[in-house]
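One file, entry-v4.cif, carrying mmCIF, C-alpha atoms (C1' of nucleotides):
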```
data_final
#
loop_
_atom_site.label_atom_id
_atom_site.label_comp_id
_atom_site.auth_asym_id
_atom_site.auth_seq_id
_atom_site.Cartn_x
_atom_site.Cartn_y
_atom_site.Cartn_z
CA MET A 397 100.22 -75.13 -71.12
CA GLU A 398 100.49 -71.36 -71.58
CA LEU A 399 101.18 -71.76 -75.27
CA PHE A 400 98.46 -74.34 -75.70
CA ARG A 401 95.96 -72.05 -74.04
CA GLU A 402 96.97 -69.15 -76.27
CA ARG A 403 97.20 -70.84 -79.65
CA GLY A 404 95.65 -74.25 -79.12
CA PHE A 405 97.55 -77.49 -79.41
CA ASP A 406 97.64 -77.64 -83.18
CA GLY A 407 98.49 -73.97 -83.45
CA THR A 408 101.56 -74.46 -81.31
CA THR A 409 104.62 -75.78 -83.10
CA VAL A 410 107.38 -77.68 -81.39
CA ALA A 411 109.68 -74.82 -82.28
CA ASP A 412 107.39 -72.53 -80.27
CA ILE A 413 107.54 -74.78 -77.24
CA ALA A 414 111.26 -75.18 -77.48
CA GLU A 415 111.80 -71.46 -77.77
CA ARG A 416 109.60 -70.74 -74.76
CA ALA A 417 111.56 -73.30 -72.78
CA GLY A 418 114.88 -71.90 -73.95
CA LEU A 419 115.75 -74.95 -75.99
CA THR A 420 116.15 -76.03 -79.55
CA GLU A 421 113.59 -78.11 -81.33
CA ARG A 422 116.24 -80.77 -81.62
CA THR A 423 116.79 -80.80 -77.90
CA PHE A 424 113.08 -80.94 -77.20
CA PHE A 425 112.91 -84.22 -79.05
CA ARG A 426 115.71 -85.58 -76.94
CA TYR A 427 113.60 -85.16 -73.83
CA PHE A 428 110.19 -85.98 -75.26
CA THR A 429 109.69 -88.63 -77.86
CA ASP A 430 106.64 -86.76 -79.02
CA LYS A 431 105.04 -83.36 -79.15
CA ARG A 432 102.13 -84.80 -77.18
CA GLU A 433 104.31 -86.41 -74.60
CA VAL A 434 105.03 -83.07 -73.01
CA LEU A 435 101.55 -83.18 -71.51
CA PHE A 436 102.06 -86.56 -69.90
CA TRP A 437 105.20 -85.93 -67.98
CA GLY A 438 103.49 -87.01 -64.72
CA ALA A 439 102.26 -90.33 -65.99
CA HIS A 440 105.49 -92.03 -65.13
CA GLN A 441 105.30 -90.81 -61.58
CA LEU A 442 101.74 -92.05 -61.22
CA GLU A 443 102.79 -95.44 -62.47
CA GLU A 444 105.64 -95.67 -60.02
CA LEU A 445 103.37 -94.69 -57.19
CA MET A 446 100.82 -97.33 -58.07
CA VAL A 447 103.37 -100.07 -58.59
CA GLY A 448 105.03 -99.17 -55.32
CA GLY A 449 101.71 -99.23 -53.55
CA VAL A 450 100.89 -102.64 -54.92
CA ALA A 451 104.26 -104.04 -53.94
CA ALA A 452 103.88 -102.73 -50.40
CA ALA A 453 100.44 -104.22 -49.74
CA PRO A 454 99.96 -106.96 -47.13
CA ASP A 455 100.41 -110.45 -48.42
CA ALA A 456 97.03 -111.95 -47.90
CA ALA A 457 94.91 -109.27 -49.52
CA ALA A 458 92.79 -109.98 -52.59
CA PRO A 459 94.14 -108.38 -55.77
CA ILE A 460 91.30 -105.92 -56.10
CA GLU A 461 91.80 -104.72 -52.55
CA VAL A 462 95.49 -104.25 -53.16
CA VAL A 463 94.73 -102.19 -56.21
CA MET A 464 92.17 -100.15 -54.35
CA ALA A 465 94.67 -99.34 -51.64
CA ALA A 466 97.25 -98.34 -54.21
CA LEU A 467 94.71 -96.16 -55.96
CA GLU A 468 93.83 -94.37 -52.79
CA ALA A 469 97.48 -93.82 -52.10
CA THR A 470 97.81 -91.73 -55.27
CA SER A 471 95.38 -89.21 -53.93
CA PRO A 472 97.98 -86.79 -52.50
CA MET A 473 99.51 -86.50 -55.94
CA PHE A 474 96.37 -84.76 -57.19
CA GLU A 475 94.49 -83.37 -54.26
CA GLU A 476 96.23 -79.99 -54.29
CA ARG A 477 96.14 -79.50 -58.04
CA ARG A 478 92.52 -79.78 -58.93
CA GLU A 479 92.43 -76.64 -61.04
CA PHE A 480 95.51 -77.48 -63.01
CA ALA A 481 94.23 -80.98 -63.58
CA ARG A 482 90.95 -79.61 -64.85
CA ALA A 483 92.60 -77.32 -67.36
CA ARG A 484 94.82 -80.10 -68.57
CA GLN A 485 91.95 -82.55 -68.86
CA ALA A 486 89.85 -80.04 -70.76
CA LEU A 487 92.66 -79.59 -73.24
CA ILE A 488 93.11 -83.31 -73.67
CA MET A 489 89.46 -84.03 -74.15
CA VAL A 490 89.18 -81.51 -76.96
CA HIS A 491 91.98 -83.03 -79.03
CA PRO A 492 91.52 -86.61 -80.23
CA GLU A 493 95.25 -87.07 -80.63
CA LEU A 494 95.74 -86.20 -76.99
CA LYS A 495 92.88 -88.35 -75.86
CA GLU A 496 94.51 -91.23 -77.64
CA ARG A 497 97.69 -90.68 -75.77
CA GLU A 498 95.83 -90.45 -72.49
CA LEU A 499 94.14 -93.78 -73.13
CA ASN A 500 97.50 -95.24 -73.96
CA LYS A 501 99.00 -94.06 -70.71
CA LEU A 502 96.15 -95.55 -68.74
CA ALA A 503 96.55 -98.83 -70.56
CA ALA A 504 100.25 -98.81 -69.77
CA LEU A 505 99.35 -98.14 -66.15
CA ALA A 506 97.03 -101.10 -66.08
CA SER A 507 99.70 -103.26 -67.58
CA ALA A 508 102.28 -102.18 -65.02
CA VAL A 509 99.90 -102.70 -62.12
CA GLY A 510 98.99 -106.13 -63.44
CA GLU A 511 102.64 -107.03 -63.57
CA ALA A 512 103.18 -105.78 -60.03
CA LEU A 513 100.33 -107.93 -58.80
CA ARG A 514 101.78 -110.96 -60.49
CA LYS A 515 105.10 -110.32 -58.81
CA ARG A 516 103.36 -110.53 -55.43
CA GLY A 517 102.12 -113.97 -56.35
CA SER A 518 98.58 -113.25 -57.46
CA PRO A 519 97.42 -115.50 -60.26
CA ALA A 520 97.99 -114.08 -63.72
CA THR A 521 94.40 -113.71 -64.82
CA ALA A 522 93.17 -112.18 -61.62
CA SER A 523 96.08 -109.76 -61.70
CA THR A 524 95.30 -108.49 -65.15
CA LEU A 525 91.64 -108.15 -64.42
CA ALA A 526 92.07 -106.46 -61.10
CA ALA A 527 94.52 -104.02 -62.65
CA GLU A 528 92.19 -103.24 -65.50
CA MET A 529 89.25 -102.77 -63.20
CA GLY A 530 91.39 -100.60 -61.01
CA VAL A 531 92.20 -98.33 -63.90
CA SER A 532 88.55 -98.18 -64.90
CA ILE A 533 87.72 -97.17 -61.37
CA PHE A 534 90.45 -94.58 -61.37
CA LYS A 535 89.38 -93.08 -64.66
CA MET A 536 85.81 -92.77 -63.51
CA ALA A 537 86.72 -91.45 -60.10
CA PHE A 538 89.10 -88.92 -61.54
CA GLU A 539 86.50 -87.50 -63.90
CA ARG A 540 84.01 -87.15 -61.12
CA TRP A 541 86.50 -85.67 -58.78
CA LEU A 542 87.37 -83.01 -61.34
CA GLU A 543 83.76 -81.97 -61.71
CA ASP A 544 82.43 -82.51 -58.24
CA PRO A 545 80.79 -79.27 -57.14
CA LYS A 546 81.02 -80.49 -53.56
CA LYS A 547 84.75 -80.99 -53.99
CA ARG A 548 84.82 -84.27 -52.17
CA SER A 549 88.16 -86.03 -52.01
CA LEU A 550 89.51 -88.24 -54.73
CA VAL A 551 89.49 -91.11 -52.27
CA HIS A 552 85.78 -90.63 -51.80
CA HIS A 553 85.19 -90.92 -55.52
CA ILE A 554 87.45 -93.91 -55.85
CA ARG A 555 85.42 -95.83 -53.31
CA ALA A 556 82.13 -94.74 -54.80
CA SER A 557 83.26 -95.76 -58.27
CA ARG A 558 84.20 -99.20 -57.15
CA ARG A 559 80.77 -99.67 -55.61
CA ALA A 560 79.13 -98.40 -58.77
CA LEU A 561 81.02 -100.78 -61.01
CA ARG A 562 80.32 -103.70 -58.80
CA ALA A 563 76.64 -102.91 -58.77
CA ILE A 564 76.50 -102.61 -62.53
CA LEU A 565 78.26 -105.87 -63.20
CA ALA A 566 76.07 -107.70 -60.75
CA GLY A 567 73.15 -106.72 -62.96
CA GLY A 568 69.60 -107.19 -61.82
CA ALA A 569 68.62 -103.59 -61.06
CA ALA A 570 66.81 -102.75 -64.27
CA HIS A 571 65.56 -99.17 -64.23
CA PRO A 572 66.23 -98.06 -60.68
CA LYS A 573 63.53 -95.51 -59.94
CA ARG A 574 65.41 -94.73 -56.79
CA ALA A 575 69.06 -94.74 -57.76
CA PRO A 576 70.97 -97.04 -55.42
CA GLY A 577 74.30 -95.68 -54.27
CA HIS A 578 75.42 -92.19 -55.20
CA GLY A 579 72.79 -89.60 -54.47
CA MET B 1394 97.95 -105.60 -94.84
CA GLU B 1395 100.12 -107.06 -97.60
CA LEU B 1396 102.34 -104.02 -97.60
CA PHE B 1397 102.47 -103.88 -93.84
CA ARG B 1398 103.50 -107.50 -93.68
CA GLU B 1399 106.21 -106.96 -96.28
CA ARG B 1400 107.73 -103.73 -95.07
CA GLY B 1401 106.27 -103.12 -91.64
CA PHE B 1402 103.97 -100.27 -90.79
CA ASP B 1403 106.64 -97.61 -90.54
CA GLY B 1404 108.38 -98.84 -93.62
CA THR B 1405 105.25 -98.40 -95.67
CA THR B 1406 104.59 -94.90 -96.90
CA VAL B 1407 101.18 -93.58 -97.70
CA ALA B 1408 102.35 -93.21 -101.28
CA ASP B 1409 103.01 -96.95 -101.31
CA ILE B 1410 99.54 -97.74 -100.06
CA ALA B 1411 97.93 -95.37 -102.48
CA GLU B 1412 99.84 -96.81 -105.40
CA ARG B 1413 98.95 -100.37 -104.49
CA ALA B 1414 95.32 -99.32 -104.30
CA GLY B 1415 95.50 -97.44 -107.58
CA LEU B 1416 95.04 -94.05 -106.03
CA THR B 1417 96.93 -90.88 -105.34
CA GLU B 1418 98.26 -90.02 -101.94
CA ARG B 1419 95.91 -87.06 -101.91
CA THR B 1420 92.92 -89.26 -102.60
CA PHE B 1421 93.94 -91.64 -99.86
CA PHE B 1422 93.68 -88.81 -97.38
CA ARG B 1423 90.21 -88.00 -98.60
CA TYR B 1424 89.04 -91.46 -97.60
CA PHE B 1425 91.12 -91.90 -94.47
CA THR B 1426 91.87 -89.08 -92.13
CA ASP B 1427 95.02 -90.88 -91.12
CA LYS B 1428 97.53 -93.41 -92.26
CA ARG B 1429 96.57 -95.52 -89.27
CA GLU B 1430 92.89 -95.28 -89.94
CA VAL B 1431 93.16 -97.67 -92.85
CA LEU B 1432 93.47 -100.50 -90.33
CA PHE B 1433 90.29 -99.54 -88.51
CA TRP B 1434 87.88 -99.47 -91.36
CA GLY B 1435 85.63 -102.03 -89.63
CA ALA B 1436 85.34 -100.15 -86.37
CA HIS B 1437 82.46 -98.10 -87.65
CA GLN B 1438 80.55 -101.22 -88.59
CA LEU B 1439 81.14 -102.73 -85.17
CA GLU B 1440 79.84 -99.60 -83.54
CA GLU B 1441 76.72 -99.59 -85.66
CA LEU B 1442 76.11 -103.22 -84.85
CA MET B 1443 76.43 -102.63 -81.14
CA VAL B 1444 74.30 -99.53 -81.10
CA GLY B 1445 71.65 -101.27 -83.17
CA GLY B 1446 71.70 -104.22 -80.83
CA VAL B 1447 71.25 -102.00 -77.81
CA ALA B 1448 68.38 -100.14 -79.39
CA ALA B 1449 66.63 -103.38 -80.26
CA ALA B 1450 66.78 -104.88 -76.76
CA PRO B 1451 63.61 -105.50 -74.75
CA ASP B 1452 62.52 -102.60 -72.61
CA ALA B 1453 62.76 -103.99 -69.14
CA ALA B 1454 66.25 -105.40 -69.31
CA ALA B 1455 69.04 -104.12 -67.07
CA PRO B 1456 71.69 -102.09 -68.92
CA ILE B 1457 74.42 -104.64 -68.48
CA GLU B 1458 72.20 -107.37 -69.89
CA VAL B 1459 71.37 -105.23 -72.87
CA VAL B 1460 75.03 -104.66 -73.51
CA MET B 1461 75.79 -108.33 -73.13
CA ALA B 1462 73.17 -109.23 -75.69
CA ALA B 1463 74.51 -106.63 -78.09
CA LEU B 1464 78.04 -107.93 -77.59
CA GLU B 1465 77.02 -111.45 -78.36
CA ALA B 1466 75.25 -110.23 -81.46
CA THR B 1467 78.53 -109.00 -82.91
CA SER B 1468 79.91 -112.49 -82.92
CA PRO B 1469 79.04 -113.29 -86.55
CA MET B 1470 81.10 -110.30 -87.64
CA PHE B 1471 84.25 -112.05 -86.44
CA GLU B 1472 83.61 -115.74 -86.18
CA GLU B 1473 84.70 -116.50 -89.75
CA ARG B 1474 87.74 -114.30 -89.76
CA ARG B 1475 89.79 -115.47 -86.87
CA GLU B 1476 93.03 -115.74 -88.80
CA PHE B 1477 92.74 -112.32 -90.35
CA ALA B 1478 91.85 -110.83 -87.00
CA ARG B 1479 94.91 -112.44 -85.46
CA ALA B 1480 97.25 -111.05 -88.05
CA ARG B 1481 95.74 -107.61 -87.68
CA GLN B 1482 95.90 -107.72 -83.92
CA ALA B 1483 99.50 -108.87 -83.96
CA LEU B 1484 100.38 -105.92 -86.17
CA ILE B 1485 98.55 -103.49 -83.94
CA MET B 1486 100.07 -104.75 -80.72
CA VAL B 1487 103.58 -104.30 -82.05
CA HIS B 1488 103.12 -100.63 -82.94
CA PRO B 1489 102.33 -98.23 -80.10
CA GLU B 1490 100.80 -95.72 -82.49
CA LEU B 1491 98.38 -98.38 -83.67
CA LYS B 1492 97.62 -99.54 -80.18
CA GLU B 1493 96.73 -96.00 -79.31
CA ARG B 1494 94.29 -95.84 -82.15
CA GLU B 1495 92.79 -99.15 -81.14
CA LEU B 1496 92.22 -97.91 -77.61
CA ASN B 1497 90.63 -94.81 -79.02
CA LYS B 1498 88.24 -96.81 -81.15
CA LEU B 1499 87.21 -98.89 -78.18
CA ALA B 1500 86.62 -95.77 -76.12
CA ALA B 1501 84.50 -94.34 -78.90
CA LEU B 1502 82.58 -97.58 -78.96
CA ALA B 1503 81.92 -97.36 -75.24
CA SER B 1504 80.76 -93.82 -75.63
CA ALA B 1505 78.37 -94.70 -78.44
CA VAL B 1506 76.94 -97.65 -76.55
CA GLY B 1507 76.48 -95.51 -73.48
CA GLU B 1508 74.57 -92.99 -75.53
CA ALA B 1509 72.41 -95.72 -77.01
CA LEU B 1510 71.56 -96.97 -73.54
CA ARG B 1511 70.58 -93.51 -72.44
CA LYS B 1512 68.29 -93.18 -75.44
CA ARG B 1513 66.45 -96.28 -74.27
CA GLY B 1514 65.80 -94.58 -70.96
CA SER B 1515 68.49 -96.08 -68.78
CA PRO B 1516 69.84 -93.68 -66.21
CA ALA B 1517 72.89 -91.77 -67.34
CA THR B 1518 75.39 -93.16 -64.87
CA ALA B 1519 74.37 -96.74 -65.25
CA SER B 1520 74.49 -96.36 -69.02
CA THR B 1521 78.04 -95.12 -69.06
CA LEU B 1522 79.21 -97.75 -66.66
CA ALA B 1523 77.47 -100.62 -68.35
CA ALA B 1524 78.90 -99.50 -71.68
CA GLU B 1525 82.38 -99.24 -70.30
CA MET B 1526 82.17 -102.60 -68.62
CA GLY B 1527 80.79 -104.04 -71.82
CA VAL B 1528 83.80 -102.83 -73.75
CA SER B 1529 86.14 -104.19 -71.11
CA ILE B 1530 84.43 -107.51 -71.42
CA PHE B 1531 84.66 -107.39 -75.17
CA LYS B 1532 88.33 -106.53 -75.17
CA MET B 1533 89.12 -109.36 -72.86
CA ALA B 1534 86.92 -111.85 -74.64
CA PHE B 1535 88.32 -110.89 -78.01
CA GLU B 1536 91.90 -111.43 -76.90
CA ARG B 1537 91.10 -114.81 -75.49
CA TRP B 1538 89.10 -115.80 -78.48
CA LEU B 1539 92.02 -114.99 -80.75
CA GLU B 1540 94.35 -117.21 -78.78
CA ASP B 1541 92.05 -119.97 -77.67
CA PRO B 1542 93.65 -123.24 -78.74
CA LYS B 1543 90.27 -124.90 -78.31
CA LYS B 1544 88.74 -122.38 -80.70
CA ARG B 1545 85.65 -121.87 -78.61
CA SER B 1546 83.21 -119.29 -79.91
CA LEU B 1547 83.49 -115.59 -79.21
CA VAL B 1548 80.16 -115.78 -77.43
CA HIS B 1549 81.62 -118.31 -75.06
CA HIS B 1550 84.48 -116.01 -74.19
CA ILE B 1551 82.18 -113.03 -73.79
CA ARG B 1552 80.15 -114.84 -71.16
CA ALA B 1553 83.22 -116.16 -69.40
CA SER B 1554 84.76 -112.70 -69.30
CA ARG B 1555 81.72 -111.18 -67.73
CA ARG B 1556 81.78 -113.79 -65.00
CA ALA B 1557 85.47 -113.20 -64.45
CA LEU B 1558 85.08 -109.46 -64.10
CA ARG B 1559 82.20 -109.82 -61.74
CA ALA B 1560 84.16 -112.20 -59.57
CA ILE B 1561 87.14 -109.88 -59.44
CA LEU B 1562 85.14 -106.83 -58.51
CA ALA B 1563 83.31 -108.70 -55.80
CA GLY B 1564 86.70 -109.20 -54.19
CA GLY B 1565 87.16 -111.48 -51.22
CA ALA B 1566 88.95 -114.33 -52.96
CA ALA B 1567 92.51 -113.63 -51.94
CA HIS B 1568 94.92 -116.13 -53.37
CA PRO B 1569 92.53 -118.72 -54.67
CA LYS B 1570 94.46 -121.95 -54.21
CA ARG B 1571 91.15 -123.47 -55.05
CA ALA B 1572 89.45 -121.23 -57.54
CA PRO B 1573 85.99 -120.37 -56.24
CA GLY B 1574 83.13 -121.04 -58.60
CA HIS B 1575 83.86 -121.54 -62.28
CA GLY B 1576 87.23 -122.95 -63.18
"C1'" DC C 1402 148.11 -77.72 -68.14
"C1'" DT C 1403 146.91 -80.69 -71.85
"C1'" DC C 1404 145.07 -84.60 -73.90
"C1'" DG C 1405 141.27 -87.31 -74.71
"C1'" DC C 1406 136.87 -88.98 -73.37
"C1'" DT C 1407 131.97 -88.29 -72.53
"C1'" DG C 1408 127.59 -86.23 -72.43
"C1'" DA C 1409 124.52 -82.51 -73.48
"C1'" DT C 1410 123.35 -79.36 -76.98
"C1'" DG C 1411 122.88 -76.75 -81.53
"C1'" DG C 1412 122.77 -76.73 -86.70
"C1'" DC C 1413 121.42 -78.70 -90.75
"C1'" DA C 1414 119.44 -81.46 -94.13
"C1'" DG C 1415 116.00 -84.57 -95.20
"C1'" DC C 1416 111.86 -87.74 -95.08
"C1'" DG C 1417 107.22 -88.48 -94.69
"C1'" DA C 1418 102.50 -87.30 -92.94
"C1'" DC C 1419 99.10 -84.21 -93.84
"C1'" DT C 1420 96.65 -79.84 -95.82
"C1'" DG C 1421 94.94 -76.11 -98.82
"C1'" DA C 1422 94.19 -74.28 -103.30
"C1'" DC C 1423 93.31 -75.12 -107.81
"C1'" DG C 1424 92.48 -77.49 -112.24
"C1'" DT C 1425 90.07 -81.20 -114.88
"C1'" DG C 1426 87.13 -84.69 -116.53
"C1'" DA C 1427 82.85 -87.35 -115.85
"C1'" DT C 1428 78.12 -87.33 -114.55
"C1'" DC C 1429 73.77 -85.61 -113.69
"C1'" DC C 1430 69.98 -82.49 -114.61
"C1'" DG C 1431 66.95 -78.84 -116.38
"C1'" DC D 1362 73.34 -77.85 -124.60
"C1'" DG D 1363 74.92 -75.28 -120.36
"C1'" DG D 1364 75.74 -75.39 -115.69
"C1'" DA D 1365 76.33 -77.52 -111.33
"C1'" DT D 1366 78.39 -81.15 -108.74
"C1'" DC D 1367 81.61 -84.51 -107.58
"C1'" DA D 1368 85.61 -87.33 -107.49
"C1'" DC D 1369 90.13 -87.15 -108.43
"C1'" DG D 1370 94.90 -85.46 -109.63
"C1'" DT D 1371 98.61 -81.92 -109.22
"C1'" DC D 1372 101.39 -78.86 -106.75
"C1'" DA D 1373 103.34 -76.47 -103.14
"C1'" DG D 1374 103.87 -75.91 -98.50
"C1'" DT D 1375 103.95 -76.75 -93.23
"C1'" DC D 1376 105.27 -79.39 -89.57
"C1'" DG D 1377 106.58 -83.49 -86.82
"C1'" DC D 1378 110.43 -86.09 -86.34
"C1'" DT D 1379 115.24 -88.22 -87.29
"C1'" DG D 1380 120.17 -88.91 -88.52
"C1'" DC D 1381 124.51 -86.93 -88.80
"C1'" DC D 1382 127.98 -83.94 -87.54
"C1'" DA D 1383 130.05 -80.02 -85.00
"C1'" DT D 1384 130.63 -77.66 -80.71
"C1'" DC D 1385 131.52 -77.12 -76.02
"C1'" DA D 1386 131.74 -77.97 -71.06
"C1'" DG D 1387 133.22 -81.03 -67.53
"C1'" DC D 1388 136.59 -84.31 -65.93
"C1'" DG D 1389 140.04 -87.66 -64.90
"C1'" DA D 1390 144.78 -89.23 -66.31
"C1'" DG D 1391 149.26 -88.18 -67.43
#
```
Could you rewrite the structure in this file as structure tokens?
Amino acid sequence: MELFRERGFDGTTVADIAERAGLTERTFFRYFTDKREVLFWGAHQLEELMVGGVAAAPDAAAPIEVVMAALEATSPMFEERREFARARQALIMVHPELKERELNKLAALASAVGEALRKRGSPATASTLAAEMGVSIFKMAFERWLEDPKKRSLVHHIRASRRALRAILAGGAAHPKRAPGHG
Amino acid sequence: MELFRERGFDGTTVADIAERAGLTERTFFRYFTDKREVLFWGAHQLEELMVGGVAAAPDAAAPIEVVMAALEATSPMFEERREFARARQALIMVHPELKERELNKLAALASAVGEALRKRGSPATASTLAAEMGVSIFKMAFERWLEDPKKRSLVHHIRASRRALRAILAGGAAHPKRAPGHG
DNA sequence: CTCGCTGATGGCAGCGACTGACGTGATCCG
DNA sequence: CGGATCACGTCAGTCGCTGCCATCAGCGAG
């Protein structure tokens, strides 16, 4: 992150990173498949957390509720690191190649969560959809959490996002003069 | 596509592609920013179609309905090319690098549609969400359309997908032994 | 202790994606 | 005809990334 801030992502060579970390370029590529991957070290942890959360949910719950609970359970992973997360996100959003990778990680997350739901016995279709909606909710909530001047919790934004999505998909409200929901 | 089928994506060099097309490698890179990009030539057209469809929608409609109409309007672009689309999709799904690019294109599409909705006067939040949900619906519908043994139309799958997403987000239905509503 | 195995690392050479600088021919236009 | 523009080719170079081999530390067996 230091190097990327100084020279930008493109301006930083893998040799630079390796040197700063006290490694060889060759060794760097043994740990990270990719130059970009170094920015997504935490993605694996997030996935494990979500999958674990899904597996631990009570039997009778509807898939979407299971996913929501798992989402909320990831909150501690971020809550203390808002500033770091903002810097990282800003970097990613500026570089299309990084944004691509980010999208890929989220897709992988959705896939893993879907699988976890299926393992609990939820029907295949509902699992996939609930997982995908969950990730959409997370993405949206995360963005808002990063930029919330009121610094409300990630959990707050997760719940609000779910309500917002539900309202949108229901349709009906054309041009809400008085915005329903978030205010 | 011929080359990719013969030698795989990784096994095909840009020089190969350029030669087959009667060009130089250098010239290839003037047309395509990327080796991958050559597979996403149509994405721009899809985006234009969607944005145009959104702009042309009646004033009073709710954002999600506008998006749905625009989605359905893209159907002719694909309906005749199912087999080609399948081959392309199969190629993409096998290569993570290509999947990444695909996700990126879809995200760009969502962003463009969101913008188009805002230009019509829909509130910012609702625009973004409706666009994102629209793309989710499209993704899902497209997959199912590709693999539908009954070969139902893309429009059919678009409508079905919207219903499915709405049902999921509404929650409640736990383990639907008897699927509620549509089957 | 020494042998041999393994696992982590460095060194090196090489491929292929991608870029910048420059030259050239065709086309258009006053 | 002269000059500008444009599309393309050529060349050289950087960098991401990989395969192959050498080195070295740890470690158990004898």
>> What's the separation between atom CA of B:Glu1440 and atom CA of B:Leu1496, in Å to one decimal place?
In response: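 Here the two named atoms are 13.8 Å from each other.
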>> Residues of chain A within 9 Å of chain D, counting all atoms listed in the file, what are they? List them as a ChimeraX atom specification.
In response: /A:409-410,425,429-431
Which residues of chain C are close to chain B, meaning at most 8 Å apart when you count all atoms listed in the file, and how do they look as a CSV table (one decimal) with C-alpha atoms (C1' of nucleotides), in the coordinates of the input?
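What ended up in out.csv:
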```
chain,number,residue,atom,x,y,z
C,1417,DG,C1',107.2,-88.5,-94.7
C,1418,DA,C1',102.5,-87.3,-92.9
C,1419,DC,C1',99.1,-84.2,-93.8
```
What would the selection look like, as a short mmCIF file (atom, residue, chain, number, x, y, z; two decimals) with C-alpha atoms, keeping the file's coordinate frame, if the PyMOL selection byres ((chain B) within 7 of (chain A)) were run on the coordinates I just shared?
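Written output follows (selection.cif):
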```
data_model
loop_
_atom_site.label_atom_id
_atom_site.label_comp_id
_atom_site.auth_asym_id
_atom_site.auth_seq_id
_atom_site.Cartn_x
_atom_site.Cartn_y
_atom_site.Cartn_z
CA ALA B 1453 62.76 -103.99 -69.14
CA ALA B 1454 66.25 -105.40 -69.31
CA ALA B 1455 69.04 -104.12 -67.07
CA PRO B 1456 71.69 -102.09 -68.92
CA ILE B 1457 74.42 -104.64 -68.48
CA GLU B 1493 96.73 -96.00 -79.31
CA ARG B 1494 94.29 -95.84 -82.15
CA LEU B 1496 92.22 -97.91 -77.61
CA ASN B 1497 90.63 -94.81 -79.02
CA SER B 1515 68.49 -96.08 -68.78
CA ALA B 1519 74.37 -96.74 -65.25
CA LEU B 1522 79.21 -97.75 -66.66
CA ALA B 1523 77.47 -100.62 -68.35
CA LEU B 1558 85.08 -109.46 -64.10
CA ARG B 1559 82.20 -109.82 -61.74
CA ILE B 1561 87.14 -109.88 -59.44
CA LEU B 1562 85.14 -106.83 -58.51
CA ALA B 1563 83.31 -108.70 -55.80
CA GLY B 1564 86.70 -109.20 -54.19
CA GLY B 1565 87.16 -111.48 -51.22
CA ALA B 1566 88.95 -114.33 -52.96
CA ALA B 1567 92.51 -113.63 -51.94
CA HIS B 1568 94.92 -116.13 -53.37
#
```
>> Evaluate the PyMOL selection byres ((chain C and resi 1411) around 10) against this structure - the residues, as number ranges by chain, please.
In response: A: 419-423; C: 1410, 1412-1413; D: 1383-1384
> Near A:Asp412, within 12 Å and counting all atoms listed in the file, which residues show up once chain neighbours fewer than 3 positions away are dropped, as a list in words?
Replying inline: Met397, Glu398, Leu399, Phe400, Glu402, Arg403, Gly404, Phe405, Asp406, Gly407, Thr408, Thr409, Glu415, Arg416, Ala417, Gly418, Leu419, Thr420, Glu421, Phe424 and Lys431 of chain A; DC1376 of chain D
> What is the distance between atom CA of A:Leu442 and atom CA of A:Val531, in Å to one decimal?
Replying inline: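 Atom-to-atom, atom CA of A:Leu442 to atom CA of A:Val531, that is 11.7 Å.
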> What is the distance between atom CA of B:Gly1446 and atom CA of B:Ala1462, in Å to one decimal?
Replying inline: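 Taking atom CA of B:Gly1446 and atom CA of B:Ala1462, their separation equals 7.3 Å.
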> How would you write, as a ChimeraX atom specification, the residues chosen by the PyMOL selection byres ((chain A and resi 452) around 12) on this structure?
Replying inline: /A:445-451,453-457,462-463,465-466,469,512-513,515-516
